[in-house]
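Undergrad: What follows is a single structure, and I will ask about it in a moment.
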Amino acid sequence: MFTKILIANRGEIACRVIATARKMGIKTVAVYSDADKEARHVKLADEAVHIGAAPSRESYLLADKIIAACKQTGAQAVHPGYGFLSENEAFAKRCEDEGIAFIGPKAHSIAAMGDKIASKKLANEAKVNTIPGYNDAIAGPEQAVEIAKGIGYPVMIKASAGGGGKGLRVAFNDKEAFEGFASCQNEARNSFGDDRIFIEKFVQEPRHIEIQVLGDSHGNVIYLNERECSIQRRHQKVIEEAPSPFISDATRKAMGEQAVQLAKAVKYQSAGTVEFVVGKDQDFYFLEMNTRLQVEHPVTECITGLDLVELMIRVAAGEKLPLTQADVKRDGWAIECRINAEDPFRNFLPSTGRLVRFQPPEESMFQSDTTKKLGVRVDTGVYEGGEIPMYYDSMIAKLIVHGTDRNDAIAKMRAALNGFVIRGISSNIPFQAALLAHPKFVTGDFNTGFIAENYGKGFHAEDVPHSDPLFLVALAAFMHRRYRARASGISGQLAGHEVKVGEEFVVVTLGAEGQNQHHEVTVSDFEDKSGSSAVLVGGTSYQISSNATLGQIRVQGACNGQGFTAQVERGVGKNPLALRIAHNGTQIDALVLSPLGAKLHKLMPFKAPPDLSKFLLSPMPGLLVDVAVQPGQKVQAGEKLAVIEAMKMENILFAAQDGVVGKITAGKGDSLAVDQIILEFV
């Protein structure tokens, strides 16, 4: 067994590998760029080596720097994680040539299966059903359009070396095929250094279901059940679960056996994933094989009880798999939510910066009747006070829950999301909460078009209706009264002017453009129950109890006998006196006033925000890579104005209306802050 391994990656996957290596008694070496010198994976590893500048092409994608770091530290093996060099045939071969074990498949397997075009040809030879398409590299956008018309729209334009949603577009007409080819090629060249593009038929209303396989150097290959990955936005997975709520045992077995057959055809060693498109009648087609560890591997670990990273390390060290197909278990239900640094209320634009607060839900494990661990798991590469840089992907953490069945897992995930505190940047937690509460998700009635169909016009606060909105009002009043009670106990108050706690309040929920709602509330304490109050909102009664420390954001307690987790914060909205209450994805800003104070508040005039329509503002932090217009130029609505790059994705800004460009205040290559002015119209 190895005594020291190097992790050629960053973020949560580097931390994940370090955790298993530490459990196995193996020392670890981290590598880091300029942007990651204070990163969590650097702090966790036994050693760390600086490998270059912040952009990945100047650091994490430099094989020479990784190899040199191995030799410098004496690392006997490299774990590539996912992304970066994990599916790079040349890097795997280079490691082999240098006498460094590559903790992943052999170079010949990566060459055969990591390349999307080659893998489809091999699958055809193995008589595996594949989706109709053109599997050779395409010369240019004109040829792409002709091929797309021949296959029939819609088509999927994909980078041969792509992954993680990069270098992928769906085209429904000639124009989209032409433009999509160019965009895919640019993203593929920048992200993977390989700009080959192919096209295939886009199967409408498909399920994306993948099979986890595991092989060793002794010819053994097994499959570890499936993962349901159909909840995707722009072809990037948002929620994954295992098992799938859709397929039957017979389909599971057929898909698994076909995945094993494919892996054996290339003498696959290590963990890998065979991805399938599954139709409504459970007919399935080979899509591609990812010759690496997947982001969503924890859900498989939860239901099988296996540590995939440990098995990868053991296989790379020449050991046999410690189990057969008959030993593979399927216990309970696991769900993973990807917590990303993006603002769902601003079309999911990237959100970078400092994590002012980062308090994940507590990891909770308990034993079930089958002695399997169930509960909450958090995989992350960040910490409170750390930075989310703009150079890499947007993932903050992976939140994983394991329940006895699917309903139990959904309930656990909703509670865990309620307790996940992230401040300083925006996150997609409200969107995750909305997905988990959607009736079709709850019943398992969805496909890869679910998000586009249900949130095609963007995501808005009203997309997360609360099952009991008055509970939020009651909680605001309950917490405000606790603040007042604490203030009343402060010593040295002027006689006759002490803070009065009171029981009668008016909760003013603050709406857009001054459209506020007033709720008369009564809060009275139970003398025999410390921390408990009876809260009456209109004609609805709530008995709320909580021992939450005043000032902490996460509040846990019980309401009418049912446990809850919510977030309560003062002074974070537009009104510094308001309380912000968040629960199950719904958020309100509320002023808790005395009856007289509420009457006076109604008399306050509403101040409209300034008109910013004549400015083009940067909707996110990022790098301005192109300004497509000049001063004095007339533009029409929908015309391209600028391109911003953030978290490895290009974001095009279009004109919202016709106009004439006046002054341009930002130039190509500038680093932009959110809401920074790029140009103004005359």
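Residues are referred to by chain and number: the chain letter is A, B, ... according to the order shown in the structure tokens, the number counts from 1 in that chain, and ligands are numbered separately from 1 in the order shown.
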Considering only C-alpha atoms, return as a list in words whatever protein or nucleic-acid residues lie within 9 Å of A:Arg346, sequence-local ones (same chain, fewer than 5 positions apart) excluded.

TA: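 Within the cut-off, the hits are Gly458, Phe459, His460 and Pro619 of chain A.
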
Undergrad: Just to be explicit: take each residue in the selection above, keep all heavy atoms, and write the result as a compact mmCIF listing (two decimals), in the first residue's frame.

TA:
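Result file follows (again-v5.txt):
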# COMPACT_ATOMS: atom_id res chain seq x y z
N GLY A 458 -37.25 31.63 -15.32
CA GLY A 458 -36.43 32.02 -14.18
C GLY A 458 -37.04 31.56 -12.88
O GLY A 458 -38.12 30.95 -12.84
N PHE A 459 -36.35 31.86 -11.81
CA PHE A 459 -36.78 31.44 -10.48
C PHE A 459 -37.10 32.68 -9.66
O PHE A 459 -36.32 33.64 -9.62
CB PHE A 459 -35.67 30.63 -9.81
CG PHE A 459 -36.02 30.15 -8.43
CD1 PHE A 459 -37.00 29.19 -8.24
CD2 PHE A 459 -35.37 30.66 -7.32
CE1 PHE A 459 -37.33 28.75 -6.96
CE2 PHE A 459 -35.68 30.22 -6.05
CZ PHE A 459 -36.67 29.26 -5.87
N HIS A 460 -38.27 32.68 -9.02
CA HIS A 460 -38.73 33.84 -8.29
C HIS A 460 -39.20 33.42 -6.90
O HIS A 460 -39.49 32.25 -6.65
CB HIS A 460 -39.87 34.53 -9.03
CG HIS A 460 -39.57 34.77 -10.48
ND1 HIS A 460 -38.78 35.81 -10.91
CD2 HIS A 460 -39.93 34.09 -11.60
CE1 HIS A 460 -38.67 35.77 -12.23
NE2 HIS A 460 -39.36 34.73 -12.67
N PRO A 619 -24.03 41.80 -13.88
CA PRO A 619 -24.93 41.08 -12.98
C PRO A 619 -24.20 40.14 -12.02
O PRO A 619 -24.83 39.51 -11.19
CB PRO A 619 -25.81 40.28 -13.95
CG PRO A 619 -24.92 40.05 -15.13
CD PRO A 619 -24.02 41.24 -15.24

Undergrad: So that I can see what lies close to A:Ala646, please list as a VMD selection string the residues with an atom at most 9 Å from it, counting only C-alpha atoms and leaving out residues fewer than 6 positions away in the same chain.

TA: chain A and resid 349 to 352 390 to 394 620 to 623

Undergrad: Let me see the file: selected residues, all heavy atoms, as a compact mmCIF listing (two decimals), in the first residue's frame.

TA:
# COMPACT_ATOMS: atom_id res chain seq x y z
N LEU A 349 -26.81 33.60 -11.72
CA LEU A 349 -25.51 34.16 -12.05
C LEU A 349 -24.51 33.83 -10.94
O LEU A 349 -24.87 33.76 -9.77
CB LEU A 349 -25.63 35.68 -12.23
CG LEU A 349 -26.43 36.13 -13.45
CD1 LEU A 349 -26.61 37.63 -13.43
CD2 LEU A 349 -25.72 35.69 -14.74
N PRO A 350 -23.24 33.64 -11.31
CA PRO A 350 -22.23 33.29 -10.30
C PRO A 350 -22.12 34.35 -9.21
O PRO A 350 -22.30 35.55 -9.47
CB PRO A 350 -20.94 33.20 -11.12
CG PRO A 350 -21.39 32.93 -12.52
CD PRO A 350 -22.69 33.65 -12.67
N SER A 351 -21.79 33.90 -8.01
CA SER A 351 -21.63 34.81 -6.87
C SER A 351 -20.33 34.45 -6.18
O SER A 351 -20.22 33.40 -5.55
CB SER A 351 -22.81 34.66 -5.90
OG SER A 351 -22.66 35.52 -4.79
N THR A 352 -19.34 35.31 -6.31
CA THR A 352 -18.04 35.04 -5.71
C THR A 352 -17.76 36.03 -4.60
O THR A 352 -18.42 37.06 -4.49
CB THR A 352 -16.92 35.11 -6.77
OG1 THR A 352 -16.92 36.43 -7.35
CG2 THR A 352 -17.13 34.09 -7.87
N MET A 390 -13.24 33.32 -8.53
CA MET A 390 -14.02 33.31 -9.77
C MET A 390 -13.42 32.39 -10.82
O MET A 390 -13.99 32.22 -11.89
CB MET A 390 -14.12 34.73 -10.34
CG MET A 390 -12.82 35.29 -10.86
SD MET A 390 -13.09 36.94 -11.59
CE MET A 390 -11.42 37.36 -12.09
N TYR A 391 -12.27 31.77 -10.52
CA TYR A 391 -11.55 31.03 -11.55
C TYR A 391 -12.03 29.59 -11.72
O TYR A 391 -11.70 28.95 -12.72
CB TYR A 391 -10.05 31.01 -11.22
CG TYR A 391 -9.46 32.38 -11.06
CD1 TYR A 391 -9.27 32.93 -9.79
CD2 TYR A 391 -9.13 33.14 -12.18
CE1 TYR A 391 -8.72 34.20 -9.64
CE2 TYR A 391 -8.58 34.42 -12.03
CZ TYR A 391 -8.40 34.93 -10.75
OH TYR A 391 -7.88 36.19 -10.62
N TYR A 392 -12.78 29.07 -10.75
CA TYR A 392 -13.13 27.65 -10.78
C TYR A 392 -14.64 27.49 -10.75
O TYR A 392 -15.39 28.45 -10.90
CB TYR A 392 -12.45 26.93 -9.63
CG TYR A 392 -11.00 27.32 -9.48
CD1 TYR A 392 -10.54 28.03 -8.37
CD2 TYR A 392 -10.08 27.03 -10.49
CE1 TYR A 392 -9.21 28.42 -8.25
CE2 TYR A 392 -8.75 27.41 -10.39
CZ TYR A 392 -8.32 28.10 -9.26
OH TYR A 392 -7.01 28.50 -9.16
N ASP A 393 -15.09 26.25 -10.59
CA ASP A 393 -16.54 26.03 -10.63
C ASP A 393 -17.21 26.60 -9.39
O ASP A 393 -16.56 27.02 -8.44
CB ASP A 393 -16.87 24.54 -10.82
CG ASP A 393 -16.42 23.69 -9.65
OD1 ASP A 393 -16.69 24.06 -8.50
OD2 ASP A 393 -15.81 22.62 -9.89
N SER A 394 -18.53 26.57 -9.41
CA SER A 394 -19.30 27.31 -8.40
C SER A 394 -19.66 26.50 -7.17
O SER A 394 -20.37 27.00 -6.30
CB SER A 394 -20.60 27.83 -9.05
OG SER A 394 -21.40 26.74 -9.48
N MET A 620 -22.86 40.06 -12.15
CA MET A 620 -22.09 39.12 -11.34
C MET A 620 -20.65 39.61 -11.26
O MET A 620 -20.21 40.42 -12.07
CB MET A 620 -22.10 37.74 -11.99
CG MET A 620 -21.19 37.65 -13.21
SD MET A 620 -21.57 36.32 -14.33
CE MET A 620 -22.79 37.14 -15.35
N PRO A 621 -19.89 39.10 -10.29
CA PRO A 621 -18.45 39.34 -10.31
C PRO A 621 -17.83 38.47 -11.40
O PRO A 621 -18.25 37.32 -11.59
CB PRO A 621 -17.98 38.87 -8.92
CG PRO A 621 -19.21 38.52 -8.15
CD PRO A 621 -20.30 38.30 -9.13
N GLY A 622 -16.88 38.99 -12.13
CA GLY A 622 -16.27 38.19 -13.18
C GLY A 622 -15.30 38.99 -14.02
O GLY A 622 -15.01 40.17 -13.74
N LEU A 623 -14.79 38.36 -15.07
CA LEU A 623 -13.82 38.97 -15.97
C LEU A 623 -14.51 39.41 -17.24
O LEU A 623 -15.19 38.61 -17.90
CB LEU A 623 -12.71 37.95 -16.29
CG LEU A 623 -11.55 38.45 -17.15
CD1 LEU A 623 -10.69 39.44 -16.36
CD2 LEU A 623 -10.70 37.27 -17.61

Undergrad: Find the residues near A:Lys574: any atom within 10 Å, counting only C-alpha atoms, skip ones fewer than 3 places away on the same chain, and give them as a list of chain:residue names.

TA: A:Leu510, A:Gly571, A:Leu577, A:Ala578, A:Asp589

Undergrad: For A:Gln232, which residue out of A:Ile147, A:Val376, A:Ala452, A:Ala476 is the nearest one, using only C-alpha atoms?

TA: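 Checking each of A:Ile147, A:Val376, A:Ala452, A:Ala476 against A:Gln232, counting only C-alpha atoms, the winner is A:Ala452.
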
Undergrad: Taking only C-alpha atoms into account, which of A:Gly375, A:Pro439, A:Gly557, A:Gly496 comes nearest A:Leu475?

TA: A:Gly557

Undergrad: At a cut-off of 12 Å, using only C-alpha atoms, what residues contact A:Arg377? Leave out same-chain residues fewer than 3 positions from it and give the result as a PyMOL selection string.

TA: chain A and resi 16+298-299+301-302+334-337+360-366+373-374+380+397-403+412-413+416-417+420

Undergrad: So which one's closest to A:Met649, A:Lys253, A:Ser160, A:Val170, A:Ser191? Using only C-alpha atoms, please.

TA: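 For A:Met649, the nearest of the candidates is A:Ser191.
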
Undergrad: Which residues are close to A:Leu323, i.e. within 12 Å by only C-alpha atoms, leaving aside same-chain residues fewer than 6 positions away? Reply as a ChimeraX atom specification.

TA: /A:214-216,220-224,304-306,311,329

Undergrad: If I take atom CA of A:Asn135 and atom CA of A:Leu168, how far is one from the other in Å, to one decimal?

TA: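 So the answer is 14.8 Å.
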
Undergrad: Interatomic distance between atom CA of A:Arg207 and atom CA of A:Phe246?

TA: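 Taking atom CA of A:Arg207 and atom CA of A:Phe246, their separation equals 8.8 Å.
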
Undergrad: With DSSP run on the backbone, what are the alpha helix (DSSP H) residues within stretch 467-649 of chain A? I'd like them as an MDAnalysis selection string.

TA: chainID A and resid 469:488 595:602

Undergrad: Leaving out A:Gly332 and any residue of its chain fewer than 6 positions from it, which residues lie within 6 Å of it when counting only C-alpha atoms, given as a PyMOL selection string?

TA: chain A and resi 303+403-405

Undergrad: Name all residues at most 6 Å from A:His50 (count only C-alpha atoms; drop same-chain ones fewer than 2 positions away) and give them as an mmCIF file with N, CA and C atoms, in the first residue's frame.

TA:
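Here's the written file selection-v1.cif:
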data_model
loop_
_atom_site.group_PDB
_atom_site.id
_atom_site.type_symbol
_atom_site.label_atom_id
_atom_site.label_comp_id
_atom_site.auth_asym_id
_atom_site.auth_seq_id
_atom_site.Cartn_x
_atom_site.Cartn_y
_atom_site.Cartn_z
ATOM 1 N N VAL A 31 -1.796 20.258 -3.836
ATOM 2 C CA VAL A 31 -1.225 21.253 -4.733
ATOM 3 C C VAL A 31 -2.188 22.438 -4.765
ATOM 4 N N TYR A 32 -1.648 23.630 -5.005
ATOM 5 C CA TYR A 32 -2.523 24.807 -4.960
ATOM 6 C C TYR A 32 -2.013 25.914 -5.875
ATOM 7 N N SER A 33 -2.961 26.704 -6.345
ATOM 8 C CA SER A 33 -2.655 27.874 -7.171
ATOM 9 C C SER A 33 -2.589 29.111 -6.280
#

Undergrad: What is the distance, in Å and to one decimal place, between atom CA of A:Pro609 and atom CA of A:Val643?

TA: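 Between these atoms lies a distance of 27.0 Å.
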
Undergrad: If DSSP is run on the backbone, what residues of stretch 302-425 of chain A are strand (DSSP E)? A reply as a ChimeraX atom specification would be ideal.

TA: /A:333-340,342-343,349-350,353-354,357-359,365-367,373-380,387-388,395-403,421-423

Undergrad: Using only C-alpha atoms for the distances, tell me which of A:Asp97, A:Asp379, A:Glu200, A:Asp445 is nearest to A:Ile231.

TA: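 For A:Ile231, the nearest of the given residues is A:Asp445.
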
Undergrad: From the list A:His583, A:Lys640, A:Arg10, A:Arg189, which residue is nearest A:Gln556 when using only C-alpha atoms?

TA: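 Closest to A:Gln556, using only C-alpha atoms: A:His583.
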